[in-house]
Every structure is written in C-alpha cells, then in structure tokens.
$ cat protein_8.cif   # mmCIF, C-alpha atoms and all ligand atoms
data_input
loop_
_atom_site.label_atom_id
_atom_site.label_comp_id
_atom_site.auth_asym_id
_atom_site.auth_seq_id
_atom_site.Cartn_x
_atom_site.Cartn_y
_atom_site.Cartn_z
CA MET A 60 0.00 0.00 0.00
CA ASP A 61 1.30 3.41 -0.94
CA ASP A 62 1.52 5.36 2.31
CA THR A 63 3.00 8.52 0.80
CA PRO A 64 0.97 11.59 1.73
CA PRO A 65 -1.44 13.09 -0.79
CA VAL A 66 -0.21 16.27 -2.46
CA GLU A 67 -2.25 19.18 -1.14
CA THR A 68 -2.34 22.35 -3.24
CA GLU A 69 -3.64 25.80 -2.30
CA VAL A 70 -3.82 28.49 -4.96
CA TYR A 71 -4.07 32.14 -3.95
CA PRO A 72 -4.86 35.13 -6.16
CA THR A 73 -1.64 36.99 -5.43
CA HIS A 74 1.85 36.58 -4.01
CA ASP A 75 0.77 38.62 -1.00
CA ALA A 76 -2.15 36.27 -0.31
CA LEU A 77 0.12 33.23 -0.76
CA SER A 78 2.64 34.70 1.69
CA ARG A 79 -0.01 35.48 4.31
CA ALA A 80 -1.57 32.02 4.02
CA ALA A 81 1.80 30.28 4.16
CA ALA A 82 2.85 32.29 7.22
CA GLU A 83 -0.38 31.43 9.01
CA ARG A 84 -0.05 27.75 8.14
CA ILE A 85 3.62 27.58 9.13
CA GLU A 86 2.88 29.28 12.46
CA ALA A 87 0.04 26.83 13.09
CA ALA A 88 2.16 23.81 12.13
CA VAL A 89 5.03 24.82 14.41
CA THR A 90 2.65 25.61 17.25
CA ASP A 91 0.93 22.24 16.81
CA THR A 92 4.30 20.49 16.86
CA LEU A 93 5.33 22.25 20.05
CA ALA A 94 2.11 21.13 21.68
CA SER A 95 3.34 17.55 21.49
CA GLN A 96 7.15 17.77 21.64
CA ASP A 97 9.76 19.94 23.32
CA LEU A 98 11.52 21.18 20.19
CA CYS A 99 10.59 21.85 16.59
CA ALA A 100 13.12 21.60 13.74
CA VAL A 101 12.41 23.76 10.71
CA ALA A 102 14.45 23.80 7.50
CA LEU A 103 14.25 27.08 5.63
CA ALA A 104 14.16 27.66 1.90
CA GLY A 105 16.27 30.22 0.13
CA GLY A 106 15.63 32.32 -2.94
CA SER A 107 13.26 35.28 -3.08
CA THR A 108 9.77 33.76 -2.85
CA PRO A 109 9.73 33.20 0.92
CA ARG A 110 10.90 36.74 1.81
CA GLN A 111 7.43 38.13 2.60
CA THR A 112 6.42 34.96 4.44
CA TYR A 113 9.55 35.23 6.60
CA GLU A 114 8.87 38.90 7.31
CA LEU A 115 5.38 37.99 8.50
CA LEU A 116 6.71 35.14 10.66
CA SER A 117 9.15 37.45 12.45
CA SER A 118 6.13 38.49 14.54
CA ALA A 119 4.89 34.92 15.07
CA ASP A 120 3.57 34.18 18.54
CA TRP A 121 5.53 30.99 19.14
CA ALA A 122 8.22 29.81 21.55
CA TRP A 123 11.36 30.99 19.77
CA ASP A 124 13.45 29.19 22.37
CA ARG A 125 11.97 25.83 21.35
CA ILE A 126 12.54 26.05 17.58
CA HIS A 127 15.76 25.05 15.85
CA TRP A 128 16.42 26.51 12.43
CA PHE A 129 18.22 24.72 9.63
CA TRP A 130 18.54 25.24 5.89
CA GLY A 131 17.59 23.04 2.98
CA ASP A 132 20.41 24.47 0.92
CA GLU A 133 22.90 27.30 0.75
CA ARG A 134 25.07 29.07 -1.72
CA MET A 135 28.79 28.83 -0.99
CA VAL A 136 29.13 32.53 -0.16
CA PRO A 137 29.78 34.27 3.18
CA HIS A 138 26.67 34.40 5.39
CA GLY A 139 26.68 38.20 5.10
CA HIS A 140 26.51 38.03 1.30
CA PRO A 141 23.22 39.35 -0.15
CA GLU A 142 22.79 36.04 -2.01
CA SER A 143 23.18 33.95 1.14
CA ASN A 144 20.10 32.07 2.30
CA VAL A 145 21.18 32.69 5.89
CA HIS A 146 21.33 36.41 5.09
CA LEU A 147 17.75 36.22 3.79
CA ALA A 148 16.52 34.71 7.07
CA ARG A 149 18.55 37.05 9.28
CA THR A 150 17.16 40.13 7.50
CA THR A 151 13.54 38.94 7.53
CA LEU A 152 12.48 36.11 9.84
CA PHE A 153 15.03 36.75 12.58
CA ASP A 154 15.04 40.53 12.19
CA GLY A 155 14.32 42.11 15.56
CA VAL A 156 13.82 38.72 17.21
CA ALA A 157 15.89 37.28 20.08
CA VAL A 158 16.57 33.88 18.50
CA PRO A 159 19.03 31.88 20.64
CA ASP A 160 22.27 31.64 18.62
CA ASP A 161 22.57 27.93 19.36
CA HIS A 162 19.16 27.38 17.77
CA VAL A 163 20.27 28.70 14.37
CA HIS A 164 22.30 26.21 12.32
CA PRO A 165 23.58 27.80 9.11
CA MET A 166 25.23 25.62 6.51
CA PRO A 167 29.01 26.25 6.61
CA THR A 168 30.13 28.00 3.44
CA ALA A 169 33.87 28.28 3.97
CA GLY A 170 36.43 25.71 2.91
CA PRO A 171 36.11 22.84 0.45
CA PRO A 172 32.45 22.09 -0.35
CA ASP A 173 32.73 18.39 0.44
CA GLN A 174 34.15 19.18 3.87
CA ALA A 175 31.45 21.80 4.47
CA ALA A 176 28.81 19.24 3.49
CA ALA A 177 30.30 16.68 5.88
CA ARG A 178 30.30 19.24 8.70
CA TYR A 179 26.62 20.05 8.15
CA GLU A 180 25.82 16.38 7.92
CA GLY A 181 27.35 16.09 11.39
CA THR A 182 25.24 19.02 12.62
CA LEU A 183 22.05 17.41 11.33
CA ARG A 184 22.92 13.97 12.70
CA ARG A 185 23.78 15.49 16.09
CA HIS A 186 20.55 17.44 16.39
CA LEU A 187 18.13 15.26 14.45
CA GLY A 188 19.68 11.82 14.20
CA ASP A 189 17.72 10.15 16.99
CA ARG A 190 14.28 11.44 15.98
CA ASP A 191 11.48 9.90 13.95
CA TYR A 192 11.93 12.66 11.37
CA THR A 193 14.73 14.85 10.19
CA PHE A 194 12.85 18.14 10.14
CA ASP A 195 9.37 18.65 11.52
CA LEU A 196 8.79 21.07 8.66
CA VAL A 197 10.87 21.80 5.56
CA LEU A 198 10.14 24.85 3.43
CA LEU A 199 11.04 24.64 -0.24
CA GLY A 200 10.95 26.71 -3.38
CA LEU A 201 10.83 25.65 -7.00
CA GLY A 202 13.07 26.83 -9.78
CA ALA A 203 11.68 27.36 -13.28
CA ASP A 204 13.80 24.33 -14.25
CA GLY A 205 12.16 22.16 -11.60
CA HIS A 206 15.00 22.27 -9.10
CA THR A 207 14.29 22.48 -5.41
CA ALA A 208 16.69 23.26 -2.62
CA SER A 209 19.89 22.92 -4.65
CA LEU A 210 18.91 19.62 -6.25
CA PHE A 211 19.07 20.38 -9.95
CA PRO A 212 17.75 18.37 -12.91
CA ASP A 213 20.24 15.97 -14.45
CA THR A 214 22.17 15.68 -11.22
CA ASP A 215 22.30 12.37 -9.49
CA LEU A 216 19.33 12.54 -7.16
CA HIS A 217 20.34 9.66 -4.96
CA PRO A 218 16.74 8.93 -3.91
CA ASP A 219 17.97 6.42 -1.34
CA ASP A 220 21.07 8.38 -0.46
CA SER A 221 22.76 7.54 2.82
CA ALA A 222 23.96 11.15 3.01
CA TRP A 223 21.78 13.99 4.19
CA VAL A 224 23.93 16.78 2.77
CA ARG A 225 25.89 17.00 -0.45
CA PRO A 226 27.76 19.65 -2.42
CA THR A 227 26.22 20.42 -5.77
CA THR A 228 26.91 22.72 -8.69
CA ALA A 229 24.11 24.82 -10.15
CA PRO A 230 23.76 25.10 -13.94
CA THR A 231 25.64 27.89 -15.69
CA ASP A 232 22.63 30.23 -15.72
CA HIS A 233 22.89 30.59 -11.94
CA ALA A 234 25.13 33.40 -10.71
CA ILE A 235 26.32 31.34 -7.76
CA ARG A 236 26.98 27.80 -8.82
CA GLN A 237 28.67 26.15 -5.85
CA ARG A 238 26.03 25.04 -3.37
CA LEU A 239 25.32 22.72 -0.47
CA THR A 240 22.00 20.94 -0.40
CA CYS A 241 20.02 18.56 1.71
CA THR A 242 19.48 15.36 -0.22
CA LEU A 243 16.13 13.83 -1.07
CA ALA A 244 16.80 11.36 1.73
CA ALA A 245 16.95 14.19 4.25
CA LEU A 246 13.99 16.07 2.76
CA ASN A 247 11.83 12.96 2.52
CA GLN A 248 12.52 12.01 6.14
CA ALA A 249 10.94 15.30 7.16
CA ARG A 250 7.53 15.11 8.75
CA ALA A 251 6.02 17.79 6.51
CA GLY A 252 7.08 19.82 3.51
CA TYR A 253 5.64 23.06 2.20
CA PHE A 254 6.46 24.40 -1.26
CA LEU A 255 6.04 28.15 -1.73
CA VAL A 256 5.86 28.92 -5.45
CA SER A 257 4.90 32.17 -7.10
CA GLY A 258 4.97 33.73 -10.55
CA GLU A 259 4.31 32.88 -14.18
CA SER A 260 7.92 31.80 -14.69
CA LYS A 261 7.22 28.75 -12.52
CA ARG A 262 4.00 27.73 -14.31
CA ASN A 263 5.54 25.11 -16.58
CA ALA A 264 7.63 23.59 -13.82
CA VAL A 265 4.59 23.42 -11.53
CA ARG A 266 2.61 21.67 -14.24
CA ALA A 267 5.48 19.26 -14.95
CA VAL A 268 5.73 18.33 -11.27
CA LEU A 269 2.10 18.34 -10.16
CA ASP A 270 0.38 17.14 -13.32
CA ASP A 271 3.03 15.13 -15.13
CA GLN A 272 5.12 13.95 -12.19
CA ASP A 273 8.12 14.42 -14.47
CA PRO A 274 10.74 12.07 -12.98
CA SER A 275 13.62 14.14 -14.33
CA LEU A 276 12.71 16.99 -12.01
CA PRO A 277 14.01 16.86 -8.43
CA ALA A 278 10.86 18.51 -7.03
CA THR A 279 8.83 15.55 -8.28
CA HIS A 280 10.68 13.27 -5.89
CA VAL A 281 10.05 15.33 -2.75
CA ARG A 282 7.75 13.23 -0.58
CA PRO A 283 7.96 14.06 3.12
CA THR A 284 6.68 11.43 5.48
CA ARG A 285 3.32 12.81 6.60
CA GLN A 286 2.37 15.92 4.65
CA LEU A 287 3.18 17.68 1.38
CA ARG A 288 1.49 20.99 0.68
CA TRP A 289 2.01 23.47 -2.17
CA PHE A 290 1.23 27.14 -1.65
CA LEU A 291 0.86 28.69 -5.09
CA ASP A 292 -0.38 31.88 -6.61
CA GLU A 293 -2.53 31.97 -9.71
CA ALA A 294 0.36 33.18 -11.83
CA ALA A 295 2.16 29.92 -11.07
CA ARG A 296 -0.94 27.73 -11.16
CA PRO A 297 -3.75 29.22 -13.23
CA HIS A 298 -7.15 27.80 -12.40
CA ALA A 299 -8.20 25.33 -15.07
CA ALA A 300 -9.81 27.33 -17.85
C1 LIG A 401 18.12 28.62 -3.54
C2 LIG A 401 16.80 28.02 -3.17
C3 LIG A 401 16.13 27.50 -4.40
C4 LIG A 401 14.93 28.41 -4.59
C5 LIG A 401 14.41 28.32 -6.00
C6 LIG A 401 13.31 29.37 -6.20
O1 LIG A 401 19.04 28.62 -2.72
O2 LIG A 401 18.18 29.14 -4.66
O3 LIG A 401 16.80 27.20 -2.16
O4 LIG A 401 15.74 26.16 -4.38
O5 LIG A 401 13.93 28.02 -3.66
O6 LIG A 401 15.48 28.58 -6.88
O7 LIG A 401 13.90 30.64 -6.05
P1 LIG A 401 13.01 31.97 -6.08
O8 LIG A 401 12.14 31.91 -4.87
O9 LIG A 401 14.02 33.09 -6.00
O10 LIG A 401 12.23 31.95 -7.36
#

$ encode --input "protein_8.cif" --output "structure tokens" --more "lines below"
Ligand code: 6PG
Amino acid sequence: MDDTPPVETEVYPTHDALSRAAAERIEAAVTDTLASQDLCAVALAGGSTPRQTYELLSSADWAWDRIHWFWGDERMVPHGHPESNVHLARTTLFDGVAVPDDHVHPMPTAGPPDQAAARYEGTLRRHLGDRDYTFDLVLLGLGADGHTASLFPDTDLHPDDSAWVRPTTAPTDHAIRQRLTCTLAALNQARAGYFLVSGESKRNAVRAVLDDQDPSLPATHVRPTRQLRWFLDEAARPHAA
C-alpha cells in the first residue's frame, strides 16, 4: 500500500495572499508540533519567494526558544553576502527577534564544499539523528527548471542516499553555482514539507511536477513522510480554464 501523503495544493490570487496564508499555516504547524514535543526543527528555503512569508513570521507568537532553524540548501558565499540564504533569514524572519544563537544552524560556506557538506551532515545527525523525522517542517521553493533546494535536474538525485547533505553545482545560468543541499533522503525524512511557489515563470515547472510527475525533475521526488502541501499563486498555477 502506498503510504505517501497526498499532495495538497492551495492556490491564492496573489503573491501577498500566498505569503499570508503560508505564514499562518507555518505558524500553526510549528505551534501544533510544540504542543506535542519539546523542540521543533524547521528547515528554511532560500531564494526570493519566501521573503514576505519570513517577514510575517518574524512576529509569530511561538516559543522561539523551542525552535531550531536549519537550511535546505545554501550558496557557498559568506553568510553576510546578499545572495546567502542565511542572510535572507537574518534580514527577515530573525530581524528584531531574540533567536538563541545555538538554535540557528547555518550551513558552513567556507572551505572545500565536500568538507562543508560533511560538517553540516554532522550538525544534522547530532541534532536530528535520533528522531522519527529529520525536520518537523521543511520549506522549499521551486526553480523554473524544476530544481528544489539545490537539487538540480540531471544531477544524481540519490533517492535512497545515505547522506543527508551533499555539495552540488548549479547550472551555468545561476550566478552562484557552488552550493550545499540537503538530499532527497533528508527532505523525505521530514515530517512535513511546504512548497512556496509564485509567478508565471514557474508555471511550466509546476505543471510538470504536479500534473506530469516528471521524474527528471528533483521537485517531483520530494515526498515528506506525513504531509506535502504546495502554496501557489494563480500566476504559477492558473485555475483550469
Ligand atoms: C536557492 C533556493 C532555491 C529556490 C528556487 C526558487 O538557494 O536558490 O533554495 O531552491 O527556492 O530557486 O527561487 P526563487 O524563490 O528566488 O524563485
């Protein structure tokens, strides 16, 4: 029997509405988790789509001292770099919030990528290794090419990978090519995953993943343990004509 979760999709008229709905749902999911366990592990997405959602969540009414923050991927740039996914979170979600430093676990971006990946693997195993899930909630975006986190098409997806973190190289059309990414194994051992996808440029990739289940696209293979939900705007997922 296939016990993978059904794919839930929610389409909102605008990016603003998507961001508000996603923020509300994320706050509710984290609060629900903390009602039944001491700590909640959240993996953050990078890119630009989640910015407004993160800004809204900076005023979330949750126990900041009981949430640990991780990343699904990172660009191999200093954490203060404007293209850093840690920089995105620090200037939105964590802006003005007293988040305990030891609850924020950025991916290391100095040194050889394979060593940085191994170090983050150690961080994840140390914090999450003895739990039923890796992350309680993983937030993800979608590239127009169907990539998610920094798992790009035509890279070896290692669906049953023993590793949770690997170095990857983005295609040439990406300004920053050297990345670290959580593997599908790590993402799919999460309890729940939320995709936040906005804009007409993502329309074809959304269709390829949600309607065609295109196996060449990494996002198609994301199947967290208990829940998979897509937050979309109409530009990315027009209502059937
Ligand atoms: C990254 C992200 C990546 C992102 C998509 C969508 O580090 O680039 O993790 O997977 O979510 O590329 O990016 P946008 O939200 O900017 O469209």

$ residues_around --input "protein_8.cif" --residues "Asp232 (chain A)" --least-positions-apart "3" --cutoff "12 Å" --atoms "only C-alpha atoms" --output "PyMOL selection string"
chain A and resi 202-204+211+228-229+235-236

$ write_last_selection --input "protein_8.cif" --atoms "C-alpha atoms" --output "tab-separated table (two decimals), in the coordinates of the input"
chain	number	residue	atom	x	y	z
A	202	GLY	CA	13.07	26.83	-9.78
A	203	ALA	CA	11.68	27.36	-13.28
A	204	ASP	CA	13.80	24.33	-14.25
A	211	PHE	CA	19.07	20.38	-9.95
A	228	THR	CA	26.91	22.72	-8.69
A	229	ALA	CA	24.11	24.82	-10.15
A	235	ILE	CA	26.32	31.34	-7.76
A	236	ARG	CA	26.98	27.80	-8.82

$ closest_atom_pairs --input "protein_8.cif" --of "chain A" --to "ligand LIG 401 (chain A)" --cutoff "7 Å" --atoms "all atoms listed in the file" --output "JSON lines"
{"residue": "A:Ala104", "atom": "CA", "partner": "A:LIG401", "partner_atom": "O3", "distance": 4.9}
{"residue": "A:Gly105", "atom": "CA", "partner": "A:LIG401", "partner_atom": "O3", "distance": 3.8}
{"residue": "A:Gly106", "atom": "CA", "partner": "A:LIG401", "partner_atom": "O9", "distance": 3.5}
{"residue": "A:Ser107", "atom": "CA", "partner": "A:LIG401", "partner_atom": "O9", "distance": 3.7}
{"residue": "A:Thr108", "atom": "CA", "partner": "A:LIG401", "partner_atom": "O8", "distance": 3.6}
{"residue": "A:Pro109", "atom": "CA", "partner": "A:LIG401", "partner_atom": "O8", "distance": 6.4}
{"residue": "A:Gly131", "atom": "CA", "partner": "A:LIG401", "partner_atom": "O3", "distance": 6.7}
{"residue": "A:Asp132", "atom": "CA", "partner": "A:LIG401", "partner_atom": "O3", "distance": 5.5}
{"residue": "A:Glu133", "atom": "CA", "partner": "A:LIG401", "partner_atom": "O1", "distance": 5.4}
{"residue": "A:Arg134", "atom": "CA", "partner": "A:LIG401", "partner_atom": "O1", "distance": 6.1}
{"residue": "A:Asn144", "atom": "CA", "partner": "A:LIG401", "partner_atom": "O1", "distance": 6.2}
{"residue": "A:Leu199", "atom": "CA", "partner": "A:LIG401", "partner_atom": "O5", "distance": 5.6}
{"residue": "A:Gly200", "atom": "CA", "partner": "A:LIG401", "partner_atom": "O5", "distance": 3.3}
{"residue": "A:Leu201", "atom": "CA", "partner": "A:LIG401", "partner_atom": "C6", "distance": 4.5}
{"residue": "A:Gly202", "atom": "CA", "partner": "A:LIG401", "partner_atom": "O6", "distance": 4.2}
{"residue": "A:His206", "atom": "CA", "partner": "A:LIG401", "partner_atom": "O4", "distance": 6.2}
{"residue": "A:Thr207", "atom": "CA", "partner": "A:LIG401", "partner_atom": "O4", "distance": 4.1}
{"residue": "A:Ala208", "atom": "CA", "partner": "A:LIG401", "partner_atom": "O4", "distance": 3.5}
{"residue": "A:Ser209", "atom": "CA", "partner": "A:LIG401", "partner_atom": "O4", "distance": 5.3}
{"residue": "A:Val256", "atom": "CA", "partner": "A:LIG401", "partner_atom": "O8", "distance": 7.0}

$ atom_distance --input "protein_8.cif" --atom1 "CA of Arg178 (chain A)" --atom2 "CA of Leu98 (chain A)"
22.1 Å

$ atom_distance --input "protein_8.cif" --atom1 "CA of Ala295 (chain A)" --atom2 "CA of Leu210 (chain A)"
20.2 Å

$ closest_atom_pairs --input "protein_8.cif" --of "region 203-234 of chain A" --to "region 154-173 of chain A" --cutoff "9 Å" --atoms "all atoms listed in the file" --output "tab-separated table"
residue	atom	partner	partner_atom	distance
A:Arg225	CA	A:Asp173	CA	7.0
A:Pro226	CA	A:Pro172	CA	5.7
A:Thr227	CA	A:Pro172	CA	8.4

$ closest_residue --input "protein_8.cif" --among "A:Ala102, A:Ala177, A:Ala222, A:Val268" --to "Ile85 (chain A)" --atoms "all atoms listed in the file"
A:Ala102

$ closest_residue --input "protein_8.cif" --among "A:Glu259, A:Asp120, A:Glu293, A:Asp189" --to "Thr68 (chain A)" --atoms "all atoms listed in the file"
A:Glu293

$ atom_distance --input "protein_8.cif" --atom1 "CA of Pro65 (chain A)" --atom2 "CA of Ala88 (chain A)"
17.2 Å

$ residues_around --input "protein_8.cif" --residues "Glu180 (chain A)" --least-positions-apart "3" --cutoff "8 Å" --atoms "only C-alpha atoms" --output "list in words"
Ala176, Ala177, Leu183, Arg184, Ala222, Trp223 and Val224 of chain A

$ closest_residue --input "protein_8.cif" --among "A:Glu114, A:Leu255, A:Ala81, A:Arg238" --to "Pro137 (chain A)" --atoms "only C-alpha atoms"
A:Arg238

$ build_atoms --input "protein_8.cif" --residues "region 158-169 of chain A" --atoms "all heavy atoms" --output "JSON list (two decimals), in the frame of the given file"
[["chain", "number", "residue", "atom", "x", "y", "z"],
["A", 158, "VAL", "N", 16.46, 35.32, 18.73],
["A", 158, "VAL", "CA", 16.57, 33.88, 18.50],
["A", 158, "VAL", "C", 17.87, 33.39, 19.16],
["A", 158, "VAL", "O", 18.93, 33.97, 18.91],
["A", 158, "VAL", "CB", 16.64, 33.55, 16.99],
["A", 158, "VAL", "CG1", 16.47, 32.05, 16.75],
["A", 158, "VAL", "CG2", 15.58, 34.31, 16.22],
["A", 159, "PRO", "N", 17.79, 32.38, 20.02],
["A", 159, "PRO", "CA", 19.03, 31.88, 20.64],
["A", 159, "PRO", "C", 20.03, 31.46, 19.55],
["A", 159, "PRO", "O", 19.67, 30.70, 18.64],
["A", 159, "PRO", "CB", 18.57, 30.68, 21.47],
["A", 159, "PRO", "CG", 17.10, 30.89, 21.68],
["A", 159, "PRO", "CD", 16.60, 31.61, 20.46],
["A", 160, "ASP", "N", 21.27, 31.94, 19.66],
["A", 160, "ASP", "CA", 22.27, 31.64, 18.62],
["A", 160, "ASP", "C", 22.43, 30.14, 18.40],
["A", 160, "ASP", "O", 22.62, 29.66, 17.29],
["A", 160, "ASP", "CB", 23.64, 32.23, 19.01],
["A", 160, "ASP", "CG", 23.66, 33.75, 18.81],
["A", 160, "ASP", "OD1", 22.75, 34.25, 18.11],
["A", 160, "ASP", "OD2", 24.56, 34.41, 19.39],
["A", 161, "ASP", "N", 22.33, 29.39, 19.51],
["A", 161, "ASP", "CA", 22.57, 27.93, 19.36],
["A", 161, "ASP", "C", 21.34, 27.20, 18.81],
["A", 161, "ASP", "O", 21.33, 25.97, 18.73],
["A", 161, "ASP", "CB", 23.00, 27.32, 20.70],
["A", 161, "ASP", "CG", 21.91, 27.44, 21.77],
["A", 161, "ASP", "OD1", 20.86, 28.07, 21.51],
["A", 161, "ASP", "OD2", 22.11, 26.90, 22.87],
["A", 162, "HIS", "N", 20.34, 27.98, 18.42],
["A", 162, "HIS", "CA", 19.16, 27.38, 17.77],
["A", 162, "HIS", "C", 19.18, 27.63, 16.26],
["A", 162, "HIS", "O", 18.28, 27.19, 15.55],
["A", 162, "HIS", "CB", 17.87, 27.96, 18.35],
["A", 162, "HIS", "CG", 17.50, 27.39, 19.69],
["A", 162, "HIS", "ND1", 18.43, 27.12, 20.67],
["A", 162, "HIS", "CD2", 16.29, 27.06, 20.22],
["A", 162, "HIS", "CE1", 17.81, 26.63, 21.74],
["A", 162, "HIS", "NE2", 16.52, 26.58, 21.49],
["A", 163, "VAL", "N", 20.18, 28.36, 15.80],
["A", 163, "VAL", "CA", 20.27, 28.70, 14.37],
["A", 163, "VAL", "C", 21.49, 27.96, 13.81],
["A", 163, "VAL", "O", 22.61, 28.15, 14.30],
["A", 163, "VAL", "CB", 20.42, 30.22, 14.17],
["A", 163, "VAL", "CG1", 20.52, 30.56, 12.70],
["A", 163, "VAL", "CG2", 19.22, 30.95, 14.80],
["A", 164, "HIS", "N", 21.25, 27.12, 12.82],
["A", 164, "HIS", "CA", 22.30, 26.21, 12.32],
["A", 164, "HIS", "C", 22.54, 26.46, 10.83],
["A", 164, "HIS", "O", 22.02, 25.71, 9.97],
["A", 164, "HIS", "CB", 21.90, 24.77, 12.57],
["A", 164, "HIS", "CG", 21.47, 24.50, 13.99],
["A", 164, "HIS", "ND1", 22.37, 24.37, 15.02],
["A", 164, "HIS", "CD2", 20.22, 24.40, 14.54],
["A", 164, "HIS", "CE1", 21.70, 24.16, 16.16],
["A", 164, "HIS", "NE2", 20.40, 24.19, 15.90],
["A", 165, "PRO", "N", 23.30, 27.53, 10.52],
["A", 165, "PRO", "CA", 23.58, 27.80, 9.11],
["A", 165, "PRO", "C", 24.46, 26.72, 8.49],
["A", 165, "PRO", "O", 25.25, 26.08, 9.19],
["A", 165, "PRO", "CB", 24.34, 29.13, 9.14],
["A", 165, "PRO", "CG", 24.16, 29.68, 10.53],
["A", 165, "PRO", "CD", 23.91, 28.49, 11.41],
["A", 166, "MET", "N", 24.30, 26.51, 7.20],
["A", 166, "MET", "CA", 25.23, 25.62, 6.51],
["A", 166, "MET", "C", 26.58, 26.32, 6.43],
["A", 166, "MET", "O", 26.65, 27.50, 6.08],
["A", 166, "MET", "CB", 24.72, 25.30, 5.11],
["A", 166, "MET", "CG", 23.52, 24.36, 5.10],
["A", 166, "MET", "SD", 23.11, 23.89, 3.38],
["A", 166, "MET", "CE", 22.07, 22.44, 3.67],
["A", 167, "PRO", "N", 27.68, 25.62, 6.73],
["A", 167, "PRO", "CA", 29.01, 26.25, 6.61],
["A", 167, "PRO", "C", 29.33, 26.52, 5.15],
["A", 167, "PRO", "O", 29.05, 25.68, 4.28],
["A", 167, "PRO", "CB", 29.96, 25.22, 7.22],
["A", 167, "PRO", "CG", 29.25, 23.93, 7.13],
["A", 167, "PRO", "CD", 27.78, 24.22, 7.17],
["A", 168, "THR", "N", 29.88, 27.67, 4.85],
["A", 168, "THR", "CA", 30.13, 28.00, 3.44],
["A", 168, "THR", "C", 31.60, 28.34, 3.19],
["A", 168, "THR", "O", 31.95, 28.85, 2.13],
["A", 168, "THR", "CB", 29.27, 29.22, 3.02],
["A", 168, "THR", "OG1", 29.57, 30.31, 3.91],
["A", 168, "THR", "CG2", 27.79, 28.88, 3.10],
["A", 169, "ALA", "N", 32.44, 28.06, 4.18],
["A", 169, "ALA", "CA", 33.87, 28.28, 3.97],
["A", 169, "ALA", "C", 34.54, 26.92, 3.76],
["A", 169, "ALA", "O", 34.04, 25.90, 4.21],
["A", 169, "ALA", "CB", 34.47, 28.99, 5.17]]
